[in-house]
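For reference, the structure discussed in these notes is given below.
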Amino acid sequence: MTRRLAQVAKKVGVSEATVSRVLNGKPGVSQATRQSVLTALDVLGYERPTQLRGERARLVGLVLPELQNPIFPALAEVIGGALAQQGLTPVLCTQTKGGVSEADYVDLLLQQQVSGVVFAGGLFAQADAPHEHYRQLAERKIPVVLINAAIESLDFPCISCDDAVAVEQAWRHLVSLGHESIGLVLGPTDHVPSRRKLAAAREVARANGGGLSGECVERSMFSLEGGQAAASRLLDKGVTGIICASDPLALGAIRAARRRGLAVPGDVSVVGYDDSAFMNCTEPPLTTVRQPIEAMGRAAVDLLCAQIRGGEAHSGELLFEPELVVRGSTAQVPR
């Protein structure tokens with residue numbers, strides 16, 4: 001007990017006597033200090049006293065599928081900062097192959113009595129994946145916000161970048177450069193944002209007087225290696241422009257072209273998606289569709305905090321406008 005008091009007191013910057021008063025439910029401590037002590041107790045992994053377990057911790061789970069794609073650390077930075085401004089502490093939960101699953105993380109967060117959870121790019125974005133742990137959160141009435149894909153069967157608020165507008169911007173850009181044979185590198189078939197991108201590509205292809213052959217659509221896991229393999233198959237079919245569902249996929253496409261002795265953008269143009277960190281430093285600098293991460297992250301925290309305060313949750317999905325950023329990986333189609 002003495003060690004616990006000392007650690008919590010040091011983390012909060014108060015005396016051990018103050019910590020003891022909070023843990024014993026005694027008066028004479030401000031609400032702000034009381035909340036700080038309880039949050040420190042949660043962060044350090046100590047169980048709350050029985051009489052305090054009914055209260056929600058000032059913790060918020062931030063569940064991400066990975067950290068290798070730079071877009072997810074960028075999201076974590078924005079969301080973490082916005083949560084801190086609201087007096088909330090983010091708990092980062094990152095999945096790894098063979099490691100803790102998303103459902104396991106949800107169980108751990110529920111044990112910590114978190115105030116809410118933000119999911120970005122999780123299993124909710126895959127139509128065929130298990131969604132039972134989301135329903136568990138809904139049944140417990142835990143505030144939840146999803147980023148970049150809604151679950152039709154659950155009424156969670158969702159913040160998304162407009163996939164249809166993103167693909168339309170990329171497609172029209174390549175068409176303006178004279179490209180007629182355009183291919184797509186997308187995520188798995190049950191990946192909801194990829195489904196939306198494919199539907200938008202078919203629509204814009206029709207609007208431009210053509211169509212989108214199934215042979216010009218390749219599926220991949222979201223990795224540089226996956227992008228390289230998928231783009232290589234598209235290059236076999238003679239495409240001159242490739243639109244990718246993420247920046248790492250686009251970097252893989254550039255590698256595939258170079259392995260064949262093709263120049264980017266001299267022979268093949270490549271467009272990414274996200275505008276994650278350092279895409280202006282690649283060779284060539286990557287043309288990509290930028291997600292407004294700052295605005296999306298802050299909006300997600302606003303929606304979550306509104307639920308935590310007991311307000312009416314925004315139903316449905318808020319769509320944010322992307323922006324095409326033209327750099328050096330796209331050029332006029334070779335003649």
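FYI, nothing fancy with the structure tokens labels: chains A, B, ... in order, residues from 1 per chain, ligands from 1 as they appear.
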
Spatial neighbours of Leu319 of chain A, max dist 8 Å, only C-alpha atoms, sep filter under 6 positions, as a PDB file with N, CA, C and O atoms, in the first residue's frame:
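Produced file part-v8.pdb, reproduced below:
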ATOM      1  N   ILE A 159     -16.609   8.948 -38.319  1.00  0.00           N
ATOM      2  CA  ILE A 159     -15.915  10.017 -39.044  1.00  0.00           C
ATOM      3  C   ILE A 159     -15.186   9.376 -40.220  1.00  0.00           C
ATOM      4  O   ILE A 159     -14.423   8.428 -40.024  1.00  0.00           O
ATOM      5  N   SER A 160     -15.417   9.853 -41.440  1.00  0.00           N
ATOM      6  CA  SER A 160     -14.780   9.237 -42.606  1.00  0.00           C
ATOM      7  C   SER A 160     -14.303  10.289 -43.591  1.00  0.00           C
ATOM      8  O   SER A 160     -14.895  11.355 -43.720  1.00  0.00           O
ATOM      9  N   CYS A 161     -13.231   9.921 -44.297  1.00  0.00           N
ATOM     10  CA  CYS A 161     -12.836  10.685 -45.480  1.00  0.00           C
ATOM     11  C   CYS A 161     -13.672  10.154 -46.642  1.00  0.00           C
ATOM     12  O   CYS A 161     -13.925   8.948 -46.733  1.00  0.00           O
ATOM     13  N   ASP A 162     -14.129  11.033 -47.512  1.00  0.00           N
ATOM     14  CA  ASP A 162     -15.036  10.649 -48.591  1.00  0.00           C
ATOM     15  C   ASP A 162     -14.289   9.860 -49.663  1.00  0.00           C
ATOM     16  O   ASP A 162     -13.576  10.432 -50.495  1.00  0.00           O
TER      17      ASP A 162
END

Output as an MDAnalysis selection string all residues of segment 94-210 of chain A that backbone DSSP marks as helix (DSSP H, G or I). chainID A and resid 102:111 123:125 132:139 163:176 192:207

According to DSSP computed on the backbone, where in segment 218-300 of chain A is there strand (DSSP E or B)? Give the residues as a ChimeraX atom specification. /A:218-219,241-244,269-274,287-290

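Using only C-alpha atoms for every distance, the candidate list A:Val37, A:Val8, A:Leu212, A:Val326 yields A:Val37 as the residue closest to Val22 of chain A.
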
Env of Arg3 of chain A: 12 Å cut, atoms = only C-alpha atoms, seq-sep filter 4 positions within chain, self excluded. Answer as a PyMOL selection string. chain A and resi 7-10+16+19-20+44+46
